[in-house]
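*Asks:* Below you will find the structure I want to go over with you.
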Amino acid sequence: MELENNVEAINNQLNNVIWIDVAKLSDVAIGWIMSYTPKILWAIIVLWIWFKITKIIANTINKVMDKQHLSPMLKSFVISLSNIMLKIMVIVAAAWVVWVQTSSFVAMLAAAWFAVGMALSGTLQNFAGWIMILLLKPFQIWHFVEIWGYAWSIKEIWIFNTTLLTPDKKRIIIPNSDIANWSMINYSAEPKRRVDLVIWVSYDDDIDLVKATLLEIAKADKRILTNLDITIWLSELWDNSVNFNYRFFVKSSDYWPTKYDILENVKKTFDKKSISFPFPQRDVHLYNEK
């Protein structure tokens, strides 16, 4: 009987303790809510005002860049970066309103950024390569370039990689860091481009007739820029042919069609004027030995 009374007394004490703790916790919670609710409401108001301000600033930056006629890639980068920075300022301001230690908050952000940077070092290199492409502008969309000995067109430039399109419509994705750190030939950067051809004729053909015919073909094609030099000269005397260097300038966009059309016209015109193209040949002398 005495044992049962002791157990009952202990249970009563435990219930009293739990009730006291719950009461204390509820008092603390109510006190916290009463204390921080105005601050949280004020922080929401600050966030709303700051987001409005950031929108106005972003629109102002956009209008300024439109007046400066900046590249669309650089424009999108500046707007994205400014939005990120302004939103970070909004978060810090809201944290300050609810009495969060901003110095600790900034230190936490810096530590998190350092950890992410270490984990994504390769990705950050590609991002840096994208920035270099935007600033240095080695090429633009649909420029025809040669990288690693291959020629292709620039289709899209993203933050971390660049999409290339081959003439046979194969899509190739290359990290921006590789493009930024590699040598490149840009065939579309200049408005004009020179076409270099080598024309072979036989030793029996009239050299002056060949040069006059080539000049006539070049002047007849309106895509060839006659205000620039059209050069035709005898460059080499090979075993079976006389070689002429045939050079002229066209617009960069007209390079390939003009080159192929000129070669076709050279063949047709030479056939009409009986100018022959040499074939590889070898003279064989037979001796009758007794």
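In the structure tokens, chains take the letters A, B, ... in the order shown, each chain's residues start at 1, and ligands count up from 1 in the order shown.
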Could you give me, as a list in words, the residues within 8 Å of A:Leu165, counting only C-alpha atoms and dropping anything in the same chain fewer than 2 positions from it?
*Replies:* Trp152, Ser153, Ile154, Lys155, Thr163, Pro167, Lys169, Lys170, Arg171 and Ile172 of chain A
*Asks:* Please build the interface table for stretch 186-264 of chain A against stretch 128-142 of chain A with a cut-off of 9 Å, listing for each qualifying residue the nearest atom pair and the distance in Å to one decimal; count only C-alpha atoms, order rows by chain and increasing number, and write it as JSON lines.
*Replies:*
{"residue": "A:Asn186", "atom": "CA", "partner": "A:Phe139", "partner_atom": "CA", "distance": 6.9}
{"residue": "A:Ser188", "atom": "CA", "partner": "A:Phe139", "partner_atom": "CA", "distance": 8.1}
{"residue": "A:Ala189", "atom": "CA", "partner": "A:Phe139", "partner_atom": "CA", "distance": 6.9}
*Asks:* At a cut-off of 10 Å, using only C-alpha atoms, what residues contact A:Phe277? Leave out same-chain residues fewer than 4 positions from it and give the result as a list of chain:residue names.
*Replies:*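 Here the answer would be A:Ile199, A:Trp200, A:Val201, A:Ser202, A:Tyr203, A:Asp205, A:Asn240, A:Ser241, A:Val242, A:Lys267, A:Phe270, A:Asp271.
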*Asks:* Using DSSP on the backbone coordinates, identify the residues of stretch 157-283 of chain A assigned to alpha helix (DSSP H); present them as a ChimeraX atom specification.
*Replies:* /A:176-180,207-220,255-272
*Asks:* Applying 10 Å and only C-alpha atoms, which residues near stretch 213-218 of chain A remain after dropping the ones on its own chain fewer than 4 positions away? List them as a VMD selection string.
*Replies:* chain A and resid 199 207 to 209 222 to 226 230 to 232 244 246 to 249 262 to 263 265 to 266 269 to 270 273 275
*Asks:* Could you state the separation of atom CA of A:Ile88 and atom CA of A:Val46 in Å, given to one decimal place?
*Replies:*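 According to the coordinates, atom CA of A:Ile88 and atom CA of A:Val46 are separated by 13.3 Å.
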